[in-house]
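Printed here is target28.txt (compact mmCIF, C-alpha atoms and all ligand atoms):
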# COMPACT_ATOMS: atom_id res chain seq x y z
CA MET S 59 0.00 0.00 0.00
CA ILE S 60 2.77 2.44 0.98
CA LEU S 61 4.63 1.38 -2.18
CA ALA S 62 1.59 2.09 -4.36
CA ILE S 63 1.15 5.53 -2.75
CA GLN S 64 4.84 6.35 -3.29
CA VAL S 65 4.69 5.27 -6.96
CA LEU S 66 1.48 7.20 -7.72
CA LEU S 67 2.37 10.30 -5.72
CA ASN S 68 5.84 10.62 -7.24
CA TYR S 69 4.42 10.04 -10.71
CA TYR S 70 1.84 12.76 -10.11
CA LEU S 71 4.43 15.21 -8.75
CA THR S 72 7.04 14.66 -11.46
CA SER S 73 4.47 15.06 -14.23
CA THR S 74 2.73 18.15 -12.83
CA ILE S 75 5.47 20.20 -11.13
CA ASP S 76 7.21 22.96 -13.06
CA PRO S 77 10.60 21.38 -13.87
CA GLY S 78 12.37 24.76 -13.88
CA SER S 79 11.05 27.26 -16.35
CA PHE S 80 12.14 30.76 -15.43
CA LYS S 81 9.94 33.10 -17.36
CA ASP S 82 7.43 33.37 -14.58
CA THR S 83 8.82 35.89 -12.13
CA THR S 84 6.68 34.55 -9.29
CA SER S 85 8.28 31.13 -9.65
CA PRO S 86 11.13 30.34 -7.25
CA SER S 87 13.14 29.12 -10.23
CA TYR S 88 13.23 32.69 -11.50
CA TYR S 89 15.76 33.43 -8.78
CA LEU S 90 18.05 30.75 -10.04
CA ALA S 91 18.51 32.56 -13.30
CA ASN S 92 21.96 33.81 -12.43
CA PRO S 93 24.88 31.73 -13.64
CA VAL S 94 27.65 30.85 -11.28
CA SER S 95 30.62 28.93 -12.58
CA GLN S 96 33.72 31.05 -13.15
CA ASP S 97 34.04 30.24 -16.83
CA TYR S 98 30.40 30.81 -17.66
CA GLU S 99 29.76 32.27 -21.06
CA GLU S 100 26.48 34.03 -21.62
CA LYS S 101 24.09 31.90 -23.61
CA PHE S 102 21.17 32.93 -25.68
CA CYS S 103 18.16 30.84 -26.68
CA SER S 104 17.18 31.75 -30.21
CA LYS S 105 13.80 30.03 -29.84
CA CYS S 106 12.72 31.80 -26.65
CA ASN S 107 14.63 34.87 -27.81
CA GLU S 108 16.16 35.51 -24.41
CA GLN S 109 19.24 35.00 -22.30
CA LYS S 110 19.39 31.59 -20.63
CA PRO S 111 21.15 30.65 -17.39
CA GLU S 112 23.98 28.17 -17.23
CA ARG S 113 22.85 24.54 -17.60
CA ALA S 114 19.42 25.61 -18.87
CA HIS S 115 18.36 24.02 -22.14
CA HIS S 116 15.53 24.44 -24.54
CA CYS S 117 12.98 21.61 -24.67
CA ARG S 118 11.63 21.29 -28.19
CA TYR S 119 8.54 19.38 -27.02
CA CYS S 120 7.46 21.99 -24.47
CA ASN S 121 9.01 24.91 -26.37
CA ARG S 122 10.58 26.49 -23.30
CA CYS S 123 13.94 26.68 -21.60
CA VAL S 124 14.26 24.66 -18.40
CA LEU S 125 16.83 25.00 -15.63
CA ARG S 126 19.25 22.08 -15.46
CA LEU S 127 17.17 20.21 -18.03
CA ASP S 128 17.92 16.50 -17.89
CA HIS S 129 15.62 15.30 -20.67
CA HIS S 130 12.02 15.42 -21.83
CA CYS S 131 10.16 12.28 -20.79
CA GLN S 132 7.22 11.12 -22.93
CA TRP S 133 5.95 8.83 -20.16
CA ILE S 134 5.33 11.72 -17.78
CA ASN S 135 4.64 14.21 -20.58
CA ASN S 136 6.93 16.73 -18.89
CA CYS S 137 10.56 17.77 -18.86
CA VAL S 138 12.77 16.39 -16.12
CA GLY S 139 14.59 19.41 -14.74
CA LEU S 140 15.96 20.97 -11.59
CA PHE S 141 12.70 20.98 -9.61
CA ASN S 142 11.16 17.62 -10.48
CA GLN S 143 14.10 15.29 -11.02
CA LYS S 144 13.89 14.14 -7.40
CA TYR S 145 10.30 12.93 -7.92
CA PHE S 146 11.26 11.32 -11.22
CA VAL S 147 14.07 9.30 -9.60
CA LEU S 148 11.84 8.37 -6.65
CA PHE S 149 9.13 7.23 -9.06
CA LEU S 150 11.66 4.95 -10.80
CA PHE S 151 13.01 3.73 -7.46
CA TYR S 152 9.65 2.77 -5.94
CA THR S 153 8.42 1.31 -9.23
CA SER S 154 11.51 -0.92 -9.29
CA ILE S 155 10.79 -2.13 -5.75
CA ALA S 156 7.13 -2.77 -6.67
CA ILE S 157 8.19 -4.77 -9.75
CA ILE S 158 10.62 -6.89 -7.72
CA TYR S 159 7.91 -7.47 -5.09
CA PHE S 160 5.37 -8.64 -7.71
CA PHE S 161 8.02 -10.74 -9.39
CA ILE S 162 8.67 -12.63 -6.14
CA LEU S 163 4.91 -13.12 -5.60
CA LEU S 164 4.45 -14.50 -9.12
CA ILE S 165 7.44 -16.84 -8.84
CA ASN S 166 6.10 -18.15 -5.51
CA ARG S 167 2.67 -18.76 -7.02
CA THR S 168 4.23 -20.56 -10.01
CA ILE S 169 6.30 -22.82 -7.75
CA GLU S 170 3.18 -23.56 -5.66
CA LEU S 171 1.19 -24.56 -8.75
CA ILE S 172 3.96 -26.71 -10.20
CA SER S 173 4.61 -28.54 -6.94
CA LYS S 174 0.86 -29.12 -6.46
CA HIS S 175 0.75 -31.08 -9.72
CA SER S 176 4.27 -32.48 -9.70
CA MET S 177 3.01 -36.08 -9.32
CA GLU S 178 0.41 -35.82 -12.09
CA GLN S 179 0.94 -36.61 -15.76
CA THR S 180 -1.33 -33.85 -17.11
CA LEU S 181 -2.41 -30.53 -15.67
CA PRO S 182 -6.09 -29.62 -15.29
CA GLU S 183 -7.04 -27.06 -17.97
CA PHE S 184 -7.68 -24.28 -15.45
CA ASP S 185 -4.26 -24.66 -13.84
CA LEU S 186 -2.57 -24.85 -17.23
CA LEU S 187 -4.15 -21.51 -18.20
CA HIS S 188 -3.15 -20.12 -14.82
CA LEU S 189 0.45 -21.20 -15.40
CA LEU S 190 0.53 -19.69 -18.89
CA LEU S 191 -0.79 -16.40 -17.54
CA LEU S 192 1.82 -16.42 -14.77
CA GLY S 193 4.56 -17.08 -17.33
CA PHE S 194 3.33 -14.20 -19.48
CA LEU S 195 3.23 -11.80 -16.52
CA ILE S 196 6.71 -12.84 -15.41
CA ILE S 197 8.10 -12.07 -18.90
CA VAL S 198 6.35 -8.65 -18.94
CA LEU S 199 7.75 -7.87 -15.49
CA ILE S 200 11.28 -8.86 -16.53
CA ILE S 201 11.12 -6.54 -19.58
CA ALA S 202 9.73 -3.68 -17.45
CA ALA S 203 12.35 -4.29 -14.73
CA ILE S 204 15.25 -4.20 -17.23
CA SER S 205 14.16 -0.87 -18.75
CA ILE S 206 13.29 0.82 -15.45
CA LEU S 207 16.41 -0.39 -13.63
CA ALA S 208 18.59 0.73 -16.56
CA LEU S 209 17.03 4.20 -16.45
CA LEU S 210 17.26 4.37 -12.65
CA SER S 211 20.92 3.35 -12.57
CA THR S 212 21.78 5.89 -15.29
CA GLN S 213 20.01 8.63 -13.34
CA ILE S 214 21.79 7.69 -10.10
CA TYR S 215 25.17 7.55 -11.86
CA LEU S 216 24.67 10.98 -13.48
CA ILE S 217 23.39 12.62 -10.29
CA SER S 218 26.37 11.21 -8.38
CA LYS S 219 28.58 13.13 -10.84
CA ASN S 220 26.27 16.17 -10.91
CA LEU S 221 25.69 15.72 -14.63
CA THR S 222 22.53 15.77 -16.71
CA THR S 223 21.64 13.38 -19.55
CA ILE S 224 22.10 16.25 -22.02
CA GLU S 225 25.59 17.03 -20.68
CA GLN S 226 26.55 13.36 -20.73
CA GLU S 227 25.41 13.06 -24.37
CA ASP S 228 27.36 16.19 -25.22
CA ARG S 229 30.44 14.70 -23.55
CA LYS S 230 30.06 11.51 -25.59
CA ARG S 231 29.69 13.50 -28.80
CA LYS S 232 32.90 15.38 -28.07
CA HIS S 233 34.83 12.36 -26.83
CA LEU S 234 37.55 12.71 -29.46
CA GLN S 235 38.38 16.26 -28.54
CA PRO S 236 41.20 16.94 -26.07
CA ASN S 237 40.04 17.42 -22.46
CA SER S 238 36.62 16.04 -23.26
CA SER S 239 36.75 13.85 -20.14
CA ASN S 240 37.04 17.05 -18.09
CA LEU S 241 34.07 18.60 -19.78
CA TYR S 242 31.45 19.52 -17.15
CA LYS S 243 33.82 18.41 -14.39
CA LYS S 244 33.42 21.91 -12.94
CA TYR S 245 29.97 20.92 -11.64
CA ASP S 246 31.28 17.98 -9.62
CA LYS S 247 31.13 19.04 -5.99
CA GLY S 248 33.70 16.48 -4.91
CA SER S 249 31.50 13.97 -3.10
CA ILE S 250 28.52 11.85 -4.06
CA ILE S 251 26.48 13.23 -1.13
CA SER S 252 27.07 16.84 -2.20
CA ASN S 253 26.21 16.02 -5.80
CA PHE S 254 22.98 14.33 -4.72
CA THR S 255 22.07 17.40 -2.68
CA VAL S 256 21.89 19.41 -5.92
CA VAL S 257 18.87 17.35 -7.00
CA PHE S 258 17.54 15.93 -3.72
CA GLY S 259 18.10 18.98 -1.53
CA ASN S 260 18.70 19.09 2.20
CA PRO S 261 18.50 17.34 4.62
CA SER S 262 19.34 13.87 3.31
CA LEU S 263 16.82 12.42 5.77
CA TYR S 264 14.07 13.40 3.31
CA TRP S 265 15.70 12.03 0.18
CA LEU S 266 13.39 9.02 -0.05
CA LEU S 267 10.25 11.01 0.73
CA PRO S 268 8.24 12.90 -1.89
CA THR S 269 8.95 16.23 -0.18
CA PRO S 270 10.05 19.34 -2.08
CA PRO S 271 13.82 19.12 -2.61
CA ASN S 272 14.31 22.43 -0.78
CA LEU S 273 16.89 23.71 -3.20
CA LEU S 274 16.18 27.30 -2.37
CA TYR S 275 17.45 27.24 1.16
CA LYS S 276 15.29 28.79 3.87
CA GLY S 277 12.93 30.26 1.28
CA ASN S 278 14.02 33.86 1.80
CA ASN S 279 15.89 34.30 -1.43
CA LYS S 280 15.53 37.40 -3.47
CA LYS S 281 15.89 38.14 -7.13
CA GLY S 282 19.52 38.10 -8.19
CA ASP S 283 20.70 35.66 -5.52
CA ILE S 284 23.30 33.28 -6.81
CA PHE S 285 22.85 29.54 -6.63
CA ILE S 286 25.12 26.83 -7.73
CA VAL S 287 23.28 24.76 -10.27
ZN ZN S 301 14.48 28.37 -25.05
ZN ZN S 302 9.76 19.17 -22.25
Could you express the structure from this file as structure tokens?
Amino acid sequence: MILAIQVLLNYYLTSTIDPGSFKDTTSPSYYLANPVSQDYEEKFCSKCNEQKPERAHHCRYCNRCVLRLDHHCQWINNCVGLFNQKYFVLFLFYTSIAIIYFFILLINRTIELISKHSMEQTLPEFDLLHLLLLGFLIIVLIIAAISILALLSTQIYLISKNLTTIEQEDRKRKHLQPNSSNLYKKYDKGSIISNFTVVFGNPSLYWLLPTPPNLLYKGNNKKGDIFIV
């Protein structure tokens, strides 16, 4: 029950929360619009026709720039950006646990059925259908588990390096250029915990709960404040 609530709630939050657009001046993300790294070069979005902060990217599906855009996800019909990536990762995490839980239940039920008829030559029709259905569900769960766990592990790996999917792709594209392995290294805060804080906020006690990531510390920030994104 708790698992189901976590899955549904995180899905709802990641698909409905503003991932980090900064046009709306009443949005907290507006205050993040100031770049911070020392070698920041001013960037301009030709589609929005305005200056964009460091690590912001334009999403062609939503036609807007998003702070620390990771990618646009068709499954949630929203971008995954600075303010909803925590919920996205939690959704993947709890869905993975739910899949493993159902997988164990189905395997147990299959073993039960097989051992019940282990002495018989033929299975009753009902139990045969039951077994076929269990086999089908197990295959579906395995396929779902592989894709979700692959996505989850990629997200965890990138967050642990304070990188986004877009930056990682860019790094791969430029892999033949000198110093490409150091590209985006400037965002690495030196420890996995600190890098996770960028997406999951503080304190770490709330990382597994669907609470706001509290990236804007203490909530008394004003326009022009500088944040490390
Ligand atoms: Zn744009
Ligand atoms: Zn988008």
Counting only C-alpha atoms and all ligand atoms, which residues of chain S sit at most 12 Å from some atom of ligand ZN 301 (chain S), and what is each one's closest atom pair with its distance in Å to one decimal, listed by chain and rising residue number, as JSON lines?
{"residue": "S:Gly78", "atom": "CA", "partner": "S:ZN301", "partner_atom": "ZN", "distance": 11.9}
{"residue": "S:Ser79", "atom": "CA", "partner": "S:ZN301", "partner_atom": "ZN", "distance": 9.4}
{"residue": "S:Phe80", "atom": "CA", "partner": "S:ZN301", "partner_atom": "ZN", "distance": 10.2}
{"residue": "S:Lys81", "atom": "CA", "partner": "S:ZN301", "partner_atom": "ZN", "distance": 10.1}
{"residue": "S:Lys101", "atom": "CA", "partner": "S:ZN301", "partner_atom": "ZN", "distance": 10.3}
{"residue": "S:Phe102", "atom": "CA", "partner": "S:ZN301", "partner_atom": "ZN", "distance": 8.1}
{"residue": "S:Cys103", "atom": "CA", "partner": "S:ZN301", "partner_atom": "ZN", "distance": 4.7}
{"residue": "S:Ser104", "atom": "CA", "partner": "S:ZN301", "partner_atom": "ZN", "distance": 6.7}
{"residue": "S:Lys105", "atom": "CA", "partner": "S:ZN301", "partner_atom": "ZN", "distance": 5.1}
{"residue": "S:Cys106", "atom": "CA", "partner": "S:ZN301", "partner_atom": "ZN", "distance": 4.2}
{"residue": "S:Asn107", "atom": "CA", "partner": "S:ZN301", "partner_atom": "ZN", "distance": 7.1}
{"residue": "S:Glu108", "atom": "CA", "partner": "S:ZN301", "partner_atom": "ZN", "distance": 7.4}
{"residue": "S:Gln109", "atom": "CA", "partner": "S:ZN301", "partner_atom": "ZN", "distance": 8.6}
{"residue": "S:Lys110", "atom": "CA", "partner": "S:ZN301", "partner_atom": "ZN", "distance": 7.3}
{"residue": "S:Pro111", "atom": "CA", "partner": "S:ZN301", "partner_atom": "ZN", "distance": 10.4}
{"residue": "S:Arg113", "atom": "CA", "partner": "S:ZN301", "partner_atom": "ZN", "distance": 11.8}
{"residue": "S:Ala114", "atom": "CA", "partner": "S:ZN301", "partner_atom": "ZN", "distance": 8.4}
{"residue": "S:His115", "atom": "CA", "partner": "S:ZN301", "partner_atom": "ZN", "distance": 6.5}
{"residue": "S:His116", "atom": "CA", "partner": "S:ZN301", "partner_atom": "ZN", "distance": 4.1}
{"residue": "S:Cys117", "atom": "CA", "partner": "S:ZN301", "partner_atom": "ZN", "distance": 6.9}
{"residue": "S:Arg118", "atom": "CA", "partner": "S:ZN301", "partner_atom": "ZN", "distance": 8.3}
{"residue": "S:Tyr119", "atom": "CA", "partner": "S:ZN301", "partner_atom": "ZN", "distance": 11.0}
{"residue": "S:Cys120", "atom": "CA", "partner": "S:ZN301", "partner_atom": "ZN", "distance": 9.5}
{"residue": "S:Asn121", "atom": "CA", "partner": "S:ZN301", "partner_atom": "ZN", "distance": 6.6}
{"residue": "S:Arg122", "atom": "CA", "partner": "S:ZN301", "partner_atom": "ZN", "distance": 4.7}
{"residue": "S:Cys123", "atom": "CA", "partner": "S:ZN301", "partner_atom": "ZN", "distance": 3.9}
{"residue": "S:Val124", "atom": "CA", "partner": "S:ZN301", "partner_atom": "ZN", "distance": 7.6}
{"residue": "S:Leu125", "atom": "CA", "partner": "S:ZN301", "partner_atom": "ZN", "distance": 10.3}
{"residue": "S:Leu127", "atom": "CA", "partner": "S:ZN301", "partner_atom": "ZN", "distance": 11.1}
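The residue that comes closest to Pro271 in chain S, out of S:Gly259, S:Asn142, S:Ser218, S:Leu164 and on the basis of only C-alpha atoms, is S:Gly259.
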Pick from S:Leu150, S:Ile75, S:Val138, S:Leu186, whichever lies nearest to ligand ZN 302 (chain S) using only C-alpha atoms and all ligand atoms: S:Val138
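Computed from the coordinates, the CA of Lys243 in chain S to CA of Thr255 in chain S distance equals 16.6 Å.
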Nearest to ligand ZN 302 (chain S) by atom-to-atom distance, counting all atoms listed in the file, from S:Thr72, S:Gln213, S:Ser252, S:Asn136: S:Asn136
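The residue that comes closest to ligand ZN 302 (chain S), out of S:His130, S:Ile63, S:Thr74, S:Pro270 and on the basis of only C-alpha atoms and all ligand atoms, is S:His130.
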Between CA of Leu209 in chain S and CA of Cys131 in chain S, distance in Å (one decimal): 11.5 Å
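The two atoms in question, CA of Asn68 in chain S and CA of Tyr264 in chain S, are spaced 13.7 Å apart.
The residue that comes closest to ligand ZN 302 (chain S), out of S:Trp265, S:Trp133, S:Tyr159, S:Tyr242 and on the basis of all atoms listed in the file, is S:Trp133.
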Could you list, as a PDB file with C-alpha atoms, in the coordinates of the input, every residue within 8 Å of range 167-173 of chain S, counting only C-alpha atoms and ignoring same-chain residues fewer than 6 positions away?
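Output file result.pdb is given in full below:
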ATOM      1  CA  ASP S 185      -4.260 -24.660 -13.840  1.00  0.00           C
ATOM      2  CA  LEU S 189       0.450 -21.200 -15.400  1.00  0.00           C
ATOM      3  CA  LEU S 192       1.820 -16.420 -14.770  1.00  0.00           C
TER       4      LEU S 192
END
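With distances restricted to only C-alpha atoms and all ligand atoms, S:Asp128 is the closest residue to ligand ZN 302 (chain S) from S:Tyr69, S:Asp128, S:Asn240, S:Leu266.
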